[in-house]
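Enquirer: For reference, the file work_20.cif (mmCIF, C-alpha atoms and all ligand atoms) is included below:
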```
data_final
loop_
_atom_site.label_atom_id
_atom_site.label_comp_id
_atom_site.auth_asym_id
_atom_site.auth_seq_id
_atom_site.Cartn_x
_atom_site.Cartn_y
_atom_site.Cartn_z
CA MET O 1 8.34 26.30 42.40
CA ALA O 2 9.04 27.48 38.86
CA ALA O 3 8.07 25.01 36.16
CA GLU O 4 11.01 23.42 34.39
CA THR O 5 11.54 24.76 30.89
CA GLU O 6 11.15 21.93 28.46
CA THR O 7 13.54 21.80 25.57
CA LYS O 8 11.83 20.24 22.61
CA LEU O 9 13.33 19.01 19.36
CA ASN O 10 13.50 21.71 16.71
CA ILE O 11 11.21 19.99 14.24
CA TRP O 12 10.12 21.33 10.88
CA ASP O 13 6.38 21.68 11.45
CA ALA O 14 5.52 21.91 7.76
CA PHE O 15 5.10 19.73 4.69
CA TRP O 16 6.99 20.06 1.45
CA ASP O 17 5.49 18.56 -1.65
CA LEU O 18 7.35 18.59 -4.95
CA ARG O 19 7.66 22.21 -6.14
CA ILE O 20 10.14 21.94 -8.96
CA LYS O 21 10.14 25.63 -9.91
CA GLU O 22 10.62 26.83 -6.34
CA CYS O 23 13.04 24.13 -5.23
CA PRO O 24 14.45 21.90 -8.00
CA CYS O 25 17.34 20.41 -6.00
CA ASP O 26 15.94 16.90 -5.61
CA VAL O 27 15.05 16.61 -9.29
CA HIS O 28 18.44 18.00 -10.32
CA PHE O 29 20.04 15.47 -7.99
CA CYS O 30 18.16 12.55 -9.58
CA ASP O 31 19.16 13.84 -13.03
CA TRP O 32 22.81 14.18 -11.91
CA LEU O 33 22.90 10.61 -10.60
CA GLU O 34 21.52 9.30 -13.88
CA LYS O 35 23.69 11.51 -16.10
CA ASN O 36 26.82 10.43 -14.23
CA LYS O 37 25.71 6.80 -14.31
CA ILE O 38 26.05 6.46 -10.56
CA THR O 39 24.89 2.96 -9.71
CA ASN O 40 25.13 0.45 -6.87
CA SER O 41 25.80 3.35 -4.50
CA SER O 42 24.61 4.37 -1.06
CA ILE O 43 23.25 7.87 -0.64
CA PHE O 44 22.55 10.04 2.41
CA HIS O 45 19.86 12.61 1.63
CA PHE O 46 19.22 15.66 3.83
CA GLY O 47 15.55 16.72 3.53
CA THR O 48 13.34 14.19 1.79
CA GLY O 49 10.26 16.37 1.57
CA GLY O 50 6.91 14.61 1.61
CA HIS O 51 7.22 13.64 -2.05
CA HIS O 52 10.19 11.26 -1.64
CA ILE O 53 11.24 11.69 -5.25
CA VAL O 54 14.87 10.77 -4.59
CA GLY O 55 13.93 7.46 -2.97
CA ILE O 56 11.24 6.63 -5.50
CA ARG O 57 13.23 7.49 -8.63
CA THR O 58 16.28 5.69 -7.31
CA ALA O 59 14.23 2.57 -6.62
CA GLU O 60 12.51 2.62 -9.98
CA ASN O 61 15.30 3.53 -12.42
CA GLY O 62 17.27 0.31 -12.24
CA SER O 63 20.34 2.01 -10.72
CA ASN O 64 20.46 -0.26 -7.67
CA ASN O 65 21.30 2.82 -5.62
CA CYS O 66 19.95 2.97 -2.08
CA VAL O 67 19.00 6.03 -0.06
CA LEU O 68 18.91 6.88 3.62
CA GLY O 69 16.89 10.07 3.97
CA ILE O 70 16.18 12.30 6.94
CA ASN O 71 13.42 14.79 7.56
CA ALA O 72 12.33 16.70 10.64
CA SER O 73 8.65 16.88 9.73
CA PRO O 74 6.19 14.46 11.35
CA GLN O 75 3.83 15.05 8.41
CA GLU O 76 6.51 14.14 5.86
CA TYR O 77 7.54 11.13 7.88
CA ASP O 78 3.93 9.90 7.83
CA THR O 79 4.00 9.95 4.03
CA PHE O 80 7.09 7.76 4.12
CA VAL O 81 5.28 5.21 6.29
CA GLN O 82 2.40 5.13 3.78
CA LEU O 83 4.84 4.84 0.86
CA ALA O 84 6.67 1.99 2.56
CA ILE O 85 3.43 0.11 3.18
CA GLU O 86 2.11 0.64 -0.33
CA LYS O 87 5.36 0.13 -2.26
CA PRO O 88 7.61 -2.48 -0.66
CA GLN O 89 9.75 -2.49 -3.80
CA VAL O 90 10.61 1.16 -3.05
CA GLU O 91 11.02 0.59 0.69
CA LYS O 92 13.63 -2.09 -0.09
CA THR O 93 16.22 0.52 -1.08
CA TYR O 94 14.74 3.65 0.51
CA LYS O 95 14.74 4.23 4.26
CA VAL O 96 13.76 7.47 5.95
CA PHE O 97 14.19 8.47 9.53
CA PHE O 98 12.63 11.33 11.42
CA GLY O 99 15.04 13.48 13.41
CA ASP O 100 17.13 16.59 13.62
CA ILE O 101 20.19 16.31 11.38
CA TYR O 102 22.03 18.40 13.99
CA GLN O 103 21.69 15.45 16.34
CA LEU O 104 23.33 12.90 14.03
CA GLU O 105 25.11 10.20 15.99
CA PRO O 106 28.34 9.11 14.26
CA ARG O 107 28.23 5.63 15.78
CA LEU O 108 24.97 4.99 13.96
CA LEU O 109 26.17 6.13 10.55
CA PRO O 110 27.66 3.88 7.86
CA MET O 111 29.91 5.13 5.06
CA PHE O 112 28.14 6.62 2.02
CA ASP O 113 29.09 7.04 -1.63
CA VAL O 114 27.06 10.21 -2.06
CA VAL O 115 25.86 12.80 0.48
CA THR O 116 23.45 15.69 -0.12
CA LEU O 117 23.66 18.77 2.10
CA PHE O 118 21.10 20.82 0.18
CA HIS O 119 19.57 22.49 3.21
CA LEU O 120 22.71 23.30 5.17
CA CYS O 121 22.23 26.46 7.28
CA GLU O 122 18.49 26.67 6.54
CA PHE O 123 17.00 25.38 9.75
CA ARG O 124 19.46 25.55 12.63
CA ASP O 125 18.75 28.18 15.29
CA ALA O 126 18.77 28.87 19.05
CA ARG O 127 16.35 25.98 19.63
CA ASN O 128 19.11 23.58 18.53
CA ASP O 129 21.56 25.34 20.84
CA ALA O 130 19.23 24.61 23.74
CA TYR O 131 20.07 20.90 23.46
CA LYS O 132 23.66 21.44 22.32
CA ALA O 133 23.09 20.18 18.81
CA LEU O 134 25.83 20.06 16.21
CA THR O 135 26.57 23.15 14.16
CA ASP O 136 26.24 23.31 10.37
CA ARG O 137 30.00 22.92 10.02
CA GLN O 138 29.99 19.92 12.34
CA VAL O 139 27.25 18.26 10.29
CA ALA O 140 29.23 18.90 7.10
CA ASP O 141 32.37 17.46 8.70
CA LEU O 142 30.59 14.44 10.11
CA LEU O 143 29.01 13.52 6.81
CA THR O 144 32.29 14.15 4.99
CA ASP O 145 33.95 11.72 7.38
CA HIS O 146 31.21 9.27 6.46
CA THR O 147 31.76 9.68 2.71
CA ARG O 148 33.96 7.10 1.03
CA PRO O 149 37.14 8.32 -0.71
CA GLY O 150 36.11 9.18 -4.27
CA GLY O 151 32.53 9.75 -3.13
CA TYR O 152 30.51 12.91 -3.70
CA ILE O 153 29.10 15.68 -1.49
CA LEU O 154 26.55 18.04 -3.03
CA PHE O 155 25.21 21.46 -2.03
CA TYR O 156 22.25 23.44 -3.38
CA THR O 157 23.23 26.90 -4.58
CA LYS O 158 19.65 28.21 -4.75
CA SER O 159 18.99 27.48 -1.08
CA PHE O 160 17.67 30.58 0.67
CA ALA O 161 20.57 30.15 3.13
CA PHE O 162 23.28 29.59 0.54
CA ASP O 163 25.03 32.87 1.37
CA THR O 164 25.60 31.47 4.86
CA ALA O 165 26.31 27.94 3.64
CA GLU O 166 28.90 29.32 1.22
CA LYS O 167 30.95 30.63 4.15
CA VAL O 168 30.80 27.24 5.85
CA ILE O 169 31.78 25.54 2.58
CA ALA O 170 34.72 27.93 2.08
CA THR O 171 36.44 26.86 5.31
CA TRP O 172 35.25 23.25 5.01
CA GLU O 173 36.88 22.82 1.59
CA LYS O 174 40.20 24.12 2.93
CA GLU O 175 40.22 21.90 5.99
CA LYS O 176 38.70 18.64 4.76
CA PRO O 177 40.06 16.23 2.10
CA VAL O 178 37.67 17.35 -0.64
CA GLU O 179 37.95 18.90 -4.09
CA LYS O 180 35.48 20.86 -6.13
CA VAL O 181 34.12 19.05 -9.19
CA GLY O 182 31.88 21.85 -10.46
CA MET O 183 28.26 22.76 -11.00
CA TYR O 184 25.39 20.64 -12.24
CA GLU O 185 22.32 22.81 -12.78
CA THR O 186 21.68 24.30 -9.30
CA LEU O 187 23.98 21.87 -7.49
CA LEU O 188 27.56 22.42 -6.39
CA VAL O 189 29.43 19.13 -6.49
CA TYR O 190 32.49 18.14 -4.45
CA ARG O 191 34.42 14.92 -4.36
CA LYS O 192 36.19 13.36 -1.40
CA LYS O 193 39.85 12.86 -2.24
CA LYS O 194 40.98 9.28 -2.81
C1 LIG V 201 12.04 22.93 1.86
S1 LIG V 201 11.96 21.21 2.21
C2 LIG V 201 12.81 20.56 0.78
C3 LIG V 201 12.58 19.10 0.53
C4 LIG V 201 13.28 18.53 -0.70
N1 LIG V 201 14.72 18.47 -0.55
C5 LIG V 201 12.92 19.32 -1.93
O1 LIG V 201 13.73 20.13 -2.37
O2 LIG V 201 11.81 19.15 -2.45
C6 LIG V 201 13.18 21.05 3.52
C7 LIG V 201 13.39 19.65 4.04
O3 LIG V 201 14.35 19.66 5.11
C8 LIG V 201 13.83 18.91 6.21
N2 LIG V 201 14.39 19.44 7.47
C9 LIG V 201 14.16 20.63 8.05
N3 LIG V 201 14.87 20.76 9.19
C10 LIG V 201 15.55 19.61 9.35
C11 LIG V 201 16.43 19.11 10.34
N4 LIG V 201 16.74 19.82 11.41
N5 LIG V 201 16.93 17.88 10.19
C12 LIG V 201 16.59 17.13 9.11
N6 LIG V 201 15.79 17.54 8.13
C13 LIG V 201 15.26 18.76 8.25
C14 LIG V 201 12.33 19.08 6.12
O4 LIG V 201 11.64 18.09 6.84
C15 LIG V 201 12.14 19.00 4.60
O5 LIG V 201 12.08 17.66 4.18
#
```
Can I see the file as structure tokens?
Ligand SMILES: C[S@@+](CC[C@H](N)C(=O)[O-])C[C@H]1O[C@@H](n2cnc3c(N)ncnc32)[C@H](O)[C@@H]1O
Expert:
Amino acid sequence: MAAETETKLNIWDAFWDLRIKECPCDVHFCDWLEKNKITNSSIFHFGTGGHHIVGIRTAENGSNNCVLGINASPQEYDTFVQLAIEKPQVEKTYKVFFGDIYQLEPRLLPMFDVVTLFHLCEFRDARNDAYKALTDRQVADLLTDHTRPGGYILFYTKSFAFDTAEKVIATWEKEKPVEKVGMYETLLVYRKKK
């Protein structure tokens, strides 16, 4: 009898430490939050890396923002566990879960004030198809539906997949209740209509 083919989760079997020159999106995002005086807000962050700068800076800058981050790297997730143990004051407002963003379950998601989609179109491939995961557009739509009116959705224009993401964004902005705010450094900022 032929062995059953196992479909495994399409994880990101790598570790990303802070590399500001190569990938400044998280630092630009922290700067944007501070510059725009965004406080007391809930943030969904796609791709925490193993450095967790968004969660740490948010917890330490007095903004009272809170962050739910996702990564698909067991190694990065381990660093969150260590961070949480060592810095309970950060863990209070910063939660990370391990998983594939293309498997987001709407019933488990609250509404957010700010959503980052920096890595849209970077990681999804045939392995996600194998378990009928969401598409990039579906992830964008789902998180838009979970953004409060007046809230923000941000993309990263220096992403290696931005040429693909741009096409998704072009139809998304026509079909969803969003409006372009403009650029901040490398980030493209949209607002959900009120
Ligand atoms: C290149 S790293 C960038 C990390 C961070 N945003 C930065 O710029 O420093 C990409 C991030 O996306 C996460 N990632 C990759 N595939 C993912 C998926 N399917 N679902 C959720 N996160 C994923 C990785 O675990 C990693 O944290």
Enquirer: When you draw a straight line from atom CA of O:Leu143 to atom CA of O:Leu187, how long is it in Å?
Expert: 17.3 Å
Enquirer: Tell me which of O:Gln138, O:Thr58, O:Asn10, O:Thr147 sits closest to O:Gly99, counting all atoms listed in the file.
Expert: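 Under the stated criterion, the closest residue is O:Asn10.
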Enquirer: Taking (24.1, 5.4, -6.8) in the file's own coordinates, collect the residues within 10 Å, counting all atoms listed in the file, and hand them back as a list in words.
Expert: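 Residues with an atom close enough to that point: Cys30, Leu33, Glu34, Asn36, Lys37, Ile38, Thr39, Asn40, Ser41, Ser42, Ile43, Thr58, Ser63, Asn64, Asn65, Cys66, Val67, Phe112, Asp113 and Val114 of chain O.
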Enquirer: Counting only C-alpha atoms and all ligand atoms, name the residues that have an atom within 6 Å of an atom of ligand LIG 201 (chain V); the answer should be given as a compact mmCIF listing (two decimals) with C-alpha atoms, in the frame of the given file.
Expert:
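So pocket-v7.txt came out as:
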```txt
# COMPACT_ATOMS: atom_id res chain seq x y z
CA TRP O 12 10.12 21.33 10.88
CA TRP O 16 6.99 20.06 1.45
CA LEU O 18 7.35 18.59 -4.95
CA CYS O 23 13.04 24.13 -5.23
CA PRO O 24 14.45 21.90 -8.00
CA CYS O 25 17.34 20.41 -6.00
CA ASP O 26 15.94 16.90 -5.61
CA PHE O 46 19.22 15.66 3.83
CA GLY O 47 15.55 16.72 3.53
CA THR O 48 13.34 14.19 1.79
CA GLY O 49 10.26 16.37 1.57
CA ILE O 70 16.18 12.30 6.94
CA ASN O 71 13.42 14.79 7.56
CA ALA O 72 12.33 16.70 10.64
CA SER O 73 8.65 16.88 9.73
CA GLY O 99 15.04 13.48 13.41
CA ASP O 100 17.13 16.59 13.62
CA ILE O 101 20.19 16.31 11.38
CA PHE O 123 17.00 25.38 9.75
```
Enquirer: Find the residue from O:Asn128, O:Thr79, O:Thr186, O:Gln89 that sits nearest to O:Glu22; use only C-alpha atoms when measuring.
Expert: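 That would be O:Thr186, the residue with the smallest distance to O:Glu22.
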Enquirer: From the options O:Lys180, O:Lys8, O:His146, O:Lys158, which residue's atoms come nearest to O:Ala130, counting all atoms listed in the file?
Expert: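 Between O:Lys180, O:Lys8, O:His146, O:Lys158, the residue approaching O:Ala130 most closely is O:Lys8.
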Enquirer: Can I get stretch 161-190 of chain O with N, CA and C atoms filled in, as a short mmCIF file (atom, residue, chain, number, x, y, z; two decimals), keeping the file's coordinate frame?
Expert:
```
data_model
loop_
_atom_site.label_atom_id
_atom_site.label_comp_id
_atom_site.auth_asym_id
_atom_site.auth_seq_id
_atom_site.Cartn_x
_atom_site.Cartn_y
_atom_site.Cartn_z
N ALA O 161 19.49 29.90 2.16
CA ALA O 161 20.57 30.15 3.13
C ALA O 161 21.94 29.93 2.49
N PHE O 162 21.99 29.93 1.17
CA PHE O 162 23.28 29.59 0.54
C PHE O 162 24.36 30.63 0.83
N ASP O 163 23.98 31.88 1.04
CA ASP O 163 25.03 32.87 1.37
C ASP O 163 25.72 32.50 2.68
N THR O 164 24.98 31.93 3.61
CA THR O 164 25.60 31.47 4.86
C THR O 164 26.33 30.15 4.62
N ALA O 165 25.70 29.25 3.91
CA ALA O 165 26.31 27.94 3.64
C ALA O 165 27.64 28.10 2.91
N GLU O 166 27.67 29.07 2.00
CA GLU O 166 28.90 29.32 1.22
C GLU O 166 30.10 29.60 2.12
N LYS O 167 29.85 30.31 3.21
CA LYS O 167 30.95 30.63 4.15
C LYS O 167 31.41 29.36 4.87
N VAL O 168 30.46 28.52 5.21
CA VAL O 168 30.80 27.24 5.85
C VAL O 168 31.59 26.38 4.85
N ILE O 169 31.13 26.36 3.61
CA ILE O 169 31.78 25.54 2.58
C ILE O 169 33.22 26.03 2.34
N ALA O 170 33.40 27.35 2.37
CA ALA O 170 34.72 27.93 2.08
C ALA O 170 35.78 27.43 3.07
N THR O 171 35.44 27.35 4.35
CA THR O 171 36.44 26.86 5.31
C THR O 171 36.49 25.34 5.28
N TRP O 172 35.33 24.72 5.09
CA TRP O 172 35.25 23.25 5.01
C TRP O 172 36.15 22.72 3.89
N GLU O 173 36.11 23.36 2.72
CA GLU O 173 36.88 22.82 1.59
C GLU O 173 38.39 22.99 1.78
N LYS O 174 38.77 23.94 2.64
CA LYS O 174 40.20 24.12 2.93
C LYS O 174 40.68 23.10 3.95
N GLU O 175 39.80 22.71 4.83
CA GLU O 175 40.22 21.90 5.99
C GLU O 175 39.89 20.42 5.87
N LYS O 176 39.06 20.05 4.92
CA LYS O 176 38.70 18.64 4.76
C LYS O 176 39.26 18.12 3.43
N PRO O 177 39.46 16.80 3.32
CA PRO O 177 40.06 16.23 2.10
C PRO O 177 39.05 16.13 0.96
N VAL O 178 38.68 17.30 0.43
CA VAL O 178 37.67 17.35 -0.64
C VAL O 178 38.17 18.24 -1.78
N GLU O 179 37.62 18.02 -2.96
CA GLU O 179 37.95 18.90 -4.09
C GLU O 179 36.69 19.21 -4.87
N LYS O 180 36.66 20.44 -5.39
CA LYS O 180 35.48 20.86 -6.13
C LYS O 180 35.45 20.17 -7.49
N VAL O 181 34.28 19.65 -7.86
CA VAL O 181 34.12 19.05 -9.19
C VAL O 181 33.52 20.09 -10.12
N GLY O 182 32.52 20.83 -9.63
CA GLY O 182 31.88 21.85 -10.46
C GLY O 182 30.40 21.91 -10.22
N MET O 183 29.70 22.58 -11.15
CA MET O 183 28.26 22.76 -11.00
C MET O 183 27.51 21.76 -11.86
N TYR O 184 26.37 21.32 -11.39
CA TYR O 184 25.39 20.64 -12.24
C TYR O 184 24.05 21.33 -11.98
N GLU O 185 23.55 22.03 -12.97
CA GLU O 185 22.32 22.81 -12.78
C GLU O 185 22.47 23.69 -11.53
N THR O 186 21.61 23.47 -10.52
CA THR O 186 21.68 24.30 -9.30
C THR O 186 22.59 23.70 -8.23
N LEU O 187 23.23 22.59 -8.53
CA LEU O 187 23.98 21.87 -7.49
C LEU O 187 25.48 22.09 -7.61
N LEU O 188 26.11 22.27 -6.46
CA LEU O 188 27.56 22.42 -6.39
C LEU O 188 28.12 21.07 -5.91
N VAL O 189 28.99 20.50 -6.74
CA VAL O 189 29.43 19.13 -6.49
C VAL O 189 30.89 19.10 -6.04
N TYR O 190 31.14 18.40 -4.96
CA TYR O 190 32.49 18.14 -4.45
C TYR O 190 32.75 16.65 -4.45
#
```
